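Structure file work.pdb (PDB, C-alpha atoms) follows.
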```pdb
ATOM      1  CA  MET A   6       0.000   0.000   0.000
ATOM      2  CA  ASN A   7       2.705   2.383   0.971
ATOM      3  CA  THR A   8       4.562   2.193  -2.299
ATOM      4  CA  LYS A   9       1.334   2.706  -4.177
ATOM      5  CA  ARG A  10       0.687   5.776  -2.145
ATOM      6  CA  ARG A  11       4.152   7.103  -3.093
ATOM      7  CA  LEU A  12       3.399   6.457  -6.725
ATOM      8  CA  PHE A  13       0.113   8.189  -6.428
ATOM      9  CA  LEU A  14       1.759  11.249  -4.892
ATOM     10  CA  LYS A  15       4.395  11.338  -7.616
ATOM     11  CA  GLY A  16       1.716  11.092 -10.250
ATOM     12  CA  SER A  17      -0.295  13.924  -8.804
ATOM     13  CA  MET A  18       2.826  16.062  -8.544
ATOM     14  CA  ALA A  19       3.550  15.537 -12.222
ATOM     15  CA  ALA A  20       0.015  16.587 -13.015
ATOM     16  CA  GLY A  21       0.551  19.629 -10.826
ATOM     17  CA  VAL A  22       3.614  20.597 -12.860
ATOM     18  CA  ALA A  23       1.619  20.426 -16.061
ATOM     19  CA  GLY A  24      -0.999  22.644 -14.470
ATOM     20  CA  VAL A  25       1.656  25.178 -13.529
ATOM     21  CA  ALA A  26       2.995  25.139 -17.072
ATOM     22  CA  ALA A  27      -0.472  25.905 -18.375
ATOM     23  CA  SER A  28      -0.990  28.825 -16.052
ATOM     24  CA  ALA A  29       2.539  30.128 -16.694
ATOM     25  CA  GLY A  30       1.526  30.957 -20.211
ATOM     26  CA  LEU A  31       2.385  27.877 -22.230
ATOM     27  CA  LEU A  32      -1.218  27.017 -22.877
ATOM     28  CA  THR A  33      -3.104  30.249 -22.353
ATOM     29  CA  PRO A  34      -5.882  31.038 -24.822
ATOM     30  CA  GLY A  35      -3.717  33.823 -26.237
ATOM     31  CA  MET A  36      -1.254  31.227 -27.454
ATOM     32  CA  VAL A  37      -3.954  29.160 -29.090
ATOM     33  CA  LEU A  38      -4.834  32.091 -31.321
ATOM     34  CA  ALA A  39      -2.728  32.341 -34.443
ATOM     35  CA  ALA A  40      -0.459  35.216 -33.573
ATOM     36  CA  TRP A  41      -1.990  37.721 -31.240
ATOM     37  CA  PRO A  42       1.003  40.019 -30.716
ATOM     38  CA  ASN A  43       0.954  40.294 -26.932
ATOM     39  CA  GLN A  44       4.334  42.037 -26.818
ATOM     40  CA  ALA A  45       2.978  44.860 -28.936
ATOM     41  CA  PHE A  46      -0.196  45.138 -26.891
ATOM     42  CA  ASP A  47       1.726  45.075 -23.596
ATOM     43  CA  ALA A  48       4.197  47.726 -24.744
ATOM     44  CA  LYS A  49       4.158  50.840 -22.600
ATOM     45  CA  SER A  50       5.477  53.317 -25.158
ATOM     46  CA  VAL A  51       4.382  54.251 -28.647
ATOM     47  CA  ALA A  52       7.800  53.332 -30.089
ATOM     48  CA  ASP A  53       7.773  49.862 -28.499
ATOM     49  CA  ALA A  54       4.212  49.252 -29.594
ATOM     50  CA  MET A  55       5.062  50.201 -33.163
ATOM     51  CA  LYS A  56       8.105  47.951 -33.131
ATOM     52  CA  GLY A  57       5.993  45.112 -31.849
ATOM     53  CA  ILE A  58       3.195  45.457 -34.353
ATOM     54  CA  ALA A  59       4.943  46.805 -37.429
ATOM     55  CA  GLY A  60       8.553  45.776 -36.901
ATOM     56  CA  SER A  61       9.907  49.289 -36.720
ATOM     57  CA  ALA A  62       9.244  52.597 -35.000
ATOM     58  CA  ASP A  63      10.313  54.595 -38.057
ATOM     59  CA  ALA A  64       7.256  55.685 -39.946
ATOM     60  CA  ALA A  65       7.221  58.559 -42.395
ATOM     61  CA  ALA A  66       4.563  61.188 -41.773
ATOM     62  CA  SER A  67       2.004  61.114 -44.533
ATOM     63  CA  GLY A  68      -0.737  63.505 -45.491
ATOM     64  CA  ASP A  69      -2.478  60.740 -47.347
ATOM     65  CA  ILE A  70      -3.803  59.070 -44.210
ATOM     66  CA  LYS A  71      -7.091  60.416 -42.984
ATOM     67  CA  ILE A  72      -8.049  60.053 -39.337
ATOM     68  CA  LYS A  73     -11.597  60.902 -38.542
ATOM     69  CA  ALA A  74     -11.996  61.407 -34.811
ATOM     70  CA  PRO A  75     -13.667  64.061 -32.680
ATOM     71  CA  ASP A  76     -11.619  67.127 -31.622
ATOM     72  CA  ILE A  77     -13.107  66.826 -28.159
ATOM     73  CA  ALA A  78     -14.326  63.513 -26.814
ATOM     74  CA  GLU A  79     -16.645  63.967 -23.886
ATOM     75  CA  ASN A  80     -16.364  60.333 -22.916
ATOM     76  CA  GLY A  81     -12.963  58.700 -23.283
ATOM     77  CA  ALA A  82     -14.543  55.257 -23.053
ATOM     78  CA  VAL A  83     -16.041  55.640 -26.486
ATOM     79  CA  VAL A  84     -14.016  57.573 -29.043
ATOM     80  CA  PRO A  85     -15.064  56.859 -32.620
ATOM     81  CA  VAL A  86     -12.058  56.620 -34.899
ATOM     82  CA  THR A  87     -12.029  56.075 -38.636
ATOM     83  CA  VAL A  88      -8.808  55.613 -40.554
ATOM     84  CA  SER A  89      -8.687  55.613 -44.321
ATOM     85  CA  THR A  90      -6.022  56.196 -46.914
ATOM     86  CA  GLY A  91      -5.793  56.533 -50.651
ATOM     87  CA  MET A  92      -2.468  54.680 -50.785
ATOM     88  CA  ALA A  93      -2.112  51.586 -52.902
ATOM     89  CA  GLY A  94      -0.994  48.239 -51.547
ATOM     90  CA  VAL A  95      -2.018  48.782 -47.948
ATOM     91  CA  GLU A  96      -1.198  45.692 -45.894
ATOM     92  CA  SER A  97      -2.147  46.745 -42.413
ATOM     93  CA  ILE A  98      -3.518  49.601 -40.352
ATOM     94  CA  SER A  99      -2.796  50.071 -36.647
ATOM     95  CA  ILE A 100      -4.453  52.551 -34.335
ATOM     96  CA  LEU A 101      -2.600  53.867 -31.277
ATOM     97  CA  ALA A 102      -3.539  56.311 -28.538
ATOM     98  CA  SER A 103      -0.262  57.898 -27.479
ATOM     99  CA  LYS A 104      -0.984  58.428 -23.773
ATOM    100  CA  ASN A 105      -2.804  55.226 -22.938
ATOM    101  CA  ALA A 106      -0.987  52.920 -20.514
ATOM    102  CA  THR A 107      -0.589  50.531 -23.425
ATOM    103  CA  PRO A 108      -0.760  52.693 -26.557
ATOM    104  CA  LEU A 109      -1.681  50.046 -29.093
ATOM    105  CA  THR A 110      -5.455  49.786 -29.342
ATOM    106  CA  SER A 111      -5.884  47.633 -32.398
ATOM    107  CA  SER A 112      -4.279  46.436 -35.571
ATOM    108  CA  TYR A 113      -5.923  45.364 -38.800
ATOM    109  CA  THR A 114      -4.433  43.170 -41.485
ATOM    110  CA  LEU A 115      -6.150  43.698 -44.790
ATOM    111  CA  GLY A 116      -6.798  41.174 -47.523
ATOM    112  CA  SER A 117      -6.189  41.955 -51.189
ATOM    113  CA  ALA A 118      -9.824  42.858 -51.873
ATOM    114  CA  THR A 119     -10.156  45.036 -48.785
ATOM    115  CA  GLU A 120     -10.339  48.805 -49.036
ATOM    116  CA  ALA A 121      -7.948  50.813 -46.861
ATOM    117  CA  PHE A 122     -10.653  51.793 -44.440
ATOM    118  CA  VAL A 123     -11.425  50.799 -40.862
ATOM    119  CA  SER A 124     -13.733  52.363 -38.368
ATOM    120  CA  THR A 125     -14.060  51.471 -34.714
ATOM    121  CA  ARG A 126     -14.439  52.931 -31.242
ATOM    122  CA  ILE A 127     -11.521  53.102 -28.825
ATOM    123  CA  LYS A 128     -10.924  53.982 -25.184
ATOM    124  CA  MET A 129      -8.621  56.862 -24.309
ATOM    125  CA  GLY A 130      -7.264  57.527 -20.830
ATOM    126  CA  LYS A 131      -6.608  61.217 -21.387
ATOM    127  CA  THR A 132      -6.079  63.884 -24.008
ATOM    128  CA  ALA A 133      -3.620  62.427 -26.475
ATOM    129  CA  ASP A 134      -2.751  61.924 -30.107
ATOM    130  CA  VAL A 135      -4.513  59.219 -32.022
ATOM    131  CA  ILE A 136      -1.838  57.760 -34.262
ATOM    132  CA  ALA A 137      -2.610  55.738 -37.336
ATOM    133  CA  VAL A 138       0.212  53.603 -38.682
ATOM    134  CA  VAL A 139      -0.255  52.293 -42.183
ATOM    135  CA  LYS A 140       1.934  49.671 -43.781
ATOM    136  CA  ALA A 141       1.828  49.985 -47.556
ATOM    137  CA  GLY A 142       4.183  48.310 -49.991
ATOM    138  CA  GLY A 143       6.478  47.247 -47.146
ATOM    139  CA  LYS A 144       6.898  50.819 -45.863
ATOM    140  CA  LEU A 145       5.433  52.470 -42.799
ATOM    141  CA  TYR A 146       3.529  55.714 -42.791
ATOM    142  CA  GLN A 147       1.848  57.508 -39.955
ATOM    143  CA  ALA A 148      -0.526  60.335 -39.219
ATOM    144  CA  LYS A 149      -1.700  61.916 -35.975
ATOM    145  CA  LYS A 150      -4.717  63.694 -34.670
ATOM    146  CA  GLU A 151      -5.118  65.158 -31.223
ATOM    147  CA  VAL A 152      -8.260  64.263 -29.333
ATOM    148  CA  LYS A 153      -9.121  66.143 -26.157
ATOM    149  CA  VAL A 154     -10.672  63.875 -23.588
ATOM    150  CA  THR A 155     -12.723  65.346 -20.778
ATOM    151  CA  ILE A 156     -13.523  62.091 -18.959
ATOM    152  CA  GLY A 157     -11.002  59.258 -19.208
ATOM    153  CA  GLY A 158     -12.056  55.844 -20.348
ATOM    154  CA  CYS A 159      -9.360  53.707 -18.766
ATOM    155  CA  GLY A 160      -9.521  52.898 -15.093
ATOM    156  CA  GLY A 161     -12.465  53.966 -13.166
TER     157      GLY A 161
ATOM    158  CA  MET B  22     -22.919  33.034 -26.937
ATOM    159  CA  ALA B  23     -24.862  32.913 -30.088
ATOM    160  CA  ASN B  24     -26.124  36.153 -31.564
ATOM    161  CA  SER B  25     -23.460  38.290 -29.940
ATOM    162  CA  ILE B  26     -22.665  39.710 -33.360
ATOM    163  CA  LYS B  27     -24.822  42.042 -35.401
ATOM    164  CA  VAL B  28     -23.730  42.544 -38.965
ATOM    165  CA  ARG B  29     -24.980  44.763 -41.758
ATOM    166  CA  ALA B  30     -23.380  44.353 -45.149
ATOM    167  CA  LYS B  31     -24.418  46.493 -48.074
ATOM    168  CA  ALA B  32     -23.051  46.616 -51.599
ATOM    169  CA  LYS B  33     -22.788  49.847 -53.545
ATOM    170  CA  ASP B  34     -20.821  50.409 -56.754
ATOM    171  CA  GLY B  35     -18.815  47.223 -56.314
ATOM    172  CA  VAL B  36     -17.808  47.984 -52.749
ATOM    173  CA  VAL B  37     -19.314  46.213 -49.799
ATOM    174  CA  THR B  38     -19.493  48.148 -46.551
ATOM    175  CA  VAL B  39     -19.714  45.967 -43.477
ATOM    176  CA  LYS B  40     -20.773  47.315 -40.114
ATOM    177  CA  THR B  41     -20.407  45.058 -37.122
ATOM    178  CA  LEU B  42     -21.515  45.372 -33.530
ATOM    179  CA  ILE B  43     -20.416  42.762 -31.023
ATOM    180  CA  SER B  44     -21.779  42.645 -27.518
ATOM    181  CA  HIS B  45     -18.829  42.096 -25.215
ATOM    182  CA  PRO B  46     -17.733  43.739 -21.932
ATOM    183  CA  MET B  47     -14.162  44.447 -23.147
ATOM    184  CA  GLU B  48     -12.553  44.681 -19.692
ATOM    185  CA  THR B  49      -8.926  45.792 -19.794
ATOM    186  CA  GLY B  50      -7.987  44.112 -16.527
ATOM    187  CA  LEU B  51      -6.809  47.479 -15.188
ATOM    188  CA  ARG B  52     -10.114  48.594 -13.740
ATOM    189  CA  LYS B  53     -11.219  48.215 -10.136
ATOM    190  CA  ASP B  54     -14.654  47.256  -8.991
ATOM    191  CA  LYS B  55     -15.840  50.325  -7.111
ATOM    192  CA  LYS B  56     -17.796  48.340  -4.547
ATOM    193  CA  THR B  57     -15.315  45.623  -3.633
ATOM    194  CA  GLY B  58     -12.060  47.383  -4.565
ATOM    195  CA  LYS B  59     -10.921  44.283  -6.382
ATOM    196  CA  MET B  60      -9.478  44.313  -9.867
ATOM    197  CA  ILE B  61     -11.882  43.249 -12.576
ATOM    198  CA  PRO B  62     -10.160  40.503 -14.559
ATOM    199  CA  ALA B  63      -9.279  41.174 -18.168
ATOM    200  CA  ASN B  64     -11.892  40.014 -20.611
ATOM    201  CA  PHE B  65     -11.556  41.384 -24.099
ATOM    202  CA  ILE B  66     -11.728  40.269 -27.702
ATOM    203  CA  GLN B  67      -8.295  39.615 -29.137
ATOM    204  CA  GLU B  68      -9.010  38.625 -32.661
ATOM    205  CA  VAL B  69     -11.745  39.310 -35.183
ATOM    206  CA  LEU B  70     -11.731  37.559 -38.526
ATOM    207  CA  ALA B  71     -13.777  38.551 -41.534
ATOM    208  CA  GLU B  72     -14.216  36.366 -44.581
ATOM    209  CA  GLN B  73     -15.846  37.069 -47.927
ATOM    210  CA  ASN B  74     -16.991  33.837 -49.610
ATOM    211  CA  GLY B  75     -14.389  31.992 -47.556
ATOM    212  CA  ASN B  76     -11.503  34.351 -48.368
ATOM    213  CA  ASN B  77      -9.992  36.329 -45.547
ATOM    214  CA  VAL B  78     -10.580  40.052 -45.999
ATOM    215  CA  LEU B  79      -9.705  41.397 -42.578
ATOM    216  CA  THR B  80      -7.877  40.180 -39.498
ATOM    217  CA  ALA B  81      -8.198  42.513 -36.549
ATOM    218  CA  PHE B  82      -6.084  42.217 -33.431
ATOM    219  CA  TRP B  83      -7.662  44.082 -30.569
ATOM    220  CA  GLY B  84      -6.348  45.111 -27.192
ATOM    221  CA  GLY B  85      -8.290  46.159 -24.124
ATOM    222  CA  ALA B  86      -8.453  49.708 -25.445
ATOM    223  CA  ILE B  87     -11.352  48.971 -27.759
ATOM    224  CA  SER B  88     -14.626  50.244 -26.368
ATOM    225  CA  LYS B  89     -17.208  48.078 -24.701
ATOM    226  CA  ASN B  90     -19.631  46.447 -27.151
ATOM    227  CA  PRO B  91     -17.181  47.072 -29.962
ATOM    228  CA  TYR B  92     -18.080  48.520 -33.322
ATOM    229  CA  LEU B  93     -16.100  47.710 -36.420
ATOM    230  CA  SER B  94     -16.660  48.860 -39.944
ATOM    231  CA  PHE B  95     -14.666  48.007 -43.045
ATOM    232  CA  LYS B  96     -15.040  47.857 -46.813
ATOM    233  CA  PHE B  97     -14.021  45.438 -49.503
ATOM    234  CA  LYS B  98     -14.610  44.845 -53.191
ATOM    235  CA  GLY B  99     -17.608  42.628 -53.639
ATOM    236  CA  ALA B 100     -21.216  42.455 -54.707
ATOM    237  CA  ALA B 101     -24.651  41.664 -53.385
ATOM    238  CA  GLY B 102     -25.068  37.972 -52.706
ATOM    239  CA  ASP B 103     -21.575  37.459 -51.286
ATOM    240  CA  THR B 104     -21.432  35.845 -47.901
ATOM    241  CA  VAL B 105     -19.625  37.596 -45.097
ATOM    242  CA  LYS B 106     -18.505  35.578 -42.119
ATOM    243  CA  ILE B 107     -17.438  37.342 -38.942
ATOM    244  CA  SER B 108     -15.879  35.529 -36.018
ATOM    245  CA  TRP B 109     -14.217  36.696 -32.825
ATOM    246  CA  SER B 110     -12.317  35.106 -29.998
ATOM    247  CA  ASP B 111     -11.391  36.637 -26.645
ATOM    248  CA  ASN B 112      -8.599  36.204 -24.120
ATOM    249  CA  ASN B 113     -10.624  33.660 -22.184
ATOM    250  CA  GLY B 114     -10.963  31.406 -25.209
ATOM    251  CA  LYS B 115     -14.599  32.261 -25.885
ATOM    252  CA  SER B 116     -15.638  32.808 -29.454
ATOM    253  CA  ASP B 117     -18.578  33.338 -31.723
ATOM    254  CA  THR B 118     -19.265  33.290 -35.441
ATOM    255  CA  THR B 119     -21.987  34.620 -37.657
ATOM    256  CA  GLU B 120     -22.605  34.712 -41.365
ATOM    257  CA  VAL B 121     -24.690  37.111 -43.447
ATOM    258  CA  THR B 122     -25.419  37.666 -47.101
ATOM    259  CA  VAL B 123     -24.540  41.019 -48.615
ATOM    260  CA  LYS B 124     -27.570  43.049 -49.613
TER     261      LYS B 124
END
```
Could you render the structure as structure tokens?
Amino acid sequence: MNTKRRLFLKGSMAAGVAGVAASAGLLTPGMVLAAWPNQAFDAKSVADAMKGIAGSADAAASGDIKIKAPDIAENGAVVPVTVSTGMAGVESISILASKNATPLTSSYTLGSATEAFVSTRIKMGKTADVIAVVKAGGKLYQAKKEVKVTIGGCGG
Amino acid sequence: MANSIKVRAKAKDGVVTVKTLISHPMETGLRKDKKTGKMIPANFIQEVLAEQNGNNVLTAFWGGAISKNPYLSFKFKGAAGDTVKISWSDNNGKSDTTEVTVK
């Protein structure tokens, strides 16, 4: 009996180790998804977030990117943002809010038949620039628009 | 979690405009419950996939900074009668899918 008990304990410990591995991040749902870029979303600065999502923080300013967002957002929890561009060969569009704790809000990878247009609603902690980063033909372009926020949308 | 997605897809001049509303709390994990003072665990959509007749047209990666009950609109080249499939999955492994026909 005693040896069996030992075996049982060993077995349960092994199971425990597997459980720890799962909770340590080896098997979290985020990993099951294709490639959710958690480094980019966890980044605390705009430059790090851009590196994480687009591979580089160097993006040329472009007047060809249109950001439609309110000048003053009364409620930072819901800030409508529309990004569109007339550029050809747009591969992805990312939307960042420069003063959020984690600036990257979202990133969109476009298919070949998709127009360079996305519209969504983001949260903003305080008055900050909304930055749109567009990857077109392997190059990065960006545009900014300041949005004044009277009530923050992050934290509560 | 069925019917968490509302989709409108309309074709005009060869371009389909899709408007999507998903009902989801979108918690960042940084917010405190005012009554208990405890942190509200993160619960947000990480990935949204859109397909037109089975071809991927848009992959969206979202962070916690997308508003509650998120809205997403995008456009692609297509025509009435195309099928548009929208699916999302969140950081807790939940997901949902819906399919509509372009009008």
Under the rule of at most 7 Å, produce a per-residue listing of chain A near chain B: chain, number, name, the closest pair of atoms, and the distance in Å, as CSV, using all atoms listed in the file.
```
residue,atom,partner,partner_atom,distance
A:Pro34,CA,B:Gly114,CA,5.1
A:Gly35,CA,B:Asn112,CA,5.8
A:Trp41,CA,B:Phe82,CA,6.5
A:Phe46,CA,B:Gly84,CA,6.2
A:Ala82,CA,B:Ser88,CA,6.0
A:Val83,CA,B:Ser88,CA,5.6
A:Thr110,CA,B:Ala86,CA,4.9
A:Ser111,CA,B:Trp83,CA,4.4
A:Ser112,CA,B:Phe82,CA,5.1
A:Tyr113,CA,B:Ala81,CA,4.3
A:Thr114,CA,B:Thr80,CA,5.0
A:Leu115,CA,B:Leu79,CA,4.8
A:Gly116,CA,B:Val78,CA,4.2
A:Ala118,CA,B:Lys98,CA,5.3
A:Thr119,CA,B:Phe97,CA,4.0
A:Glu120,CA,B:Phe97,CA,5.0
A:Phe122,CA,B:Phe95,CA,5.7
A:Val123,CA,B:Phe95,CA,4.8
A:Ser124,CA,B:Ser94,CA,4.8
A:Thr125,CA,B:Leu93,CA,4.6
A:Arg126,CA,B:Ser88,CA,5.6
A:Ile127,CA,B:Ile87,CA,4.3
A:Lys128,CA,B:Ala86,CA,4.9
A:Gly160,CA,B:Arg52,CA,4.6
A:Gly161,CA,B:Arg52,CA,5.9
```
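Between atom CA of Thr104 of chain B and atom CA of Phe65 of chain B the separation is 26.4 Å.
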Kindly indicate which residue among A:Ala93, A:Ala106, A:Ile58, A:Val154 lies nearest to Gly142 of chain A, using all atoms listed in the file for the distances. A:Ala93
Ala65 of chain A environment, 9 Å, only C-alpha atoms, sequence neighbours closer than 4 positions dropped, as a PyMOL selection string: chain A and resi 144-148
Expand the PyMOL selection byres ((chain B and resi 102) around 6) into the explicit residue set it covers here, and present it as a JSON list (two decimals) with C-alpha atoms, in the frame of the given file.
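And here is the file that came out, result-v3.json:
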```json
[["chain", "number", "residue", "atom", "x", "y", "z"],
["B", 101, "ALA", "CA", -24.65, 41.66, -53.38],
["B", 103, "ASP", "CA", -21.58, 37.46, -51.29],
["B", 122, "THR", "CA", -25.42, 37.67, -47.10],
["B", 123, "VAL", "CA", -24.54, 41.02, -48.62]]
```
Spatial neighbours of Lys49 of chain A, 12 Å, all atoms listed in the file, chain gap at least 2 places, as a PyMOL selection string: chain A and resi 43-47+51-57+101-110
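With distances restricted to all atoms listed in the file, A:Ala59 is the closest residue to Gly143 of chain A from A:Ile100, A:Ala59, A:Ile77, A:Val84.
We find atom CA of Ile72 of chain A and atom CA of Ser97 of chain A to be spaced 14.9 Å apart.
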Box time for segment 41-47 of chain A: axis-aligned, enclosing all its listed atoms, 4 Å extra on each side; report centre and edge lengths in Å to one decimal, as lines of an AutoDock Vina configuration file.
```
center_x = 1.2
center_y = 41.4
center_z = -27.4
size_x = 14.3
size_y = 15.4
size_z = 15.6
```
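Atom pair atom CA of Val121 of chain B / atom CA of Arg29 of chain B: separated by 7.8 Å.
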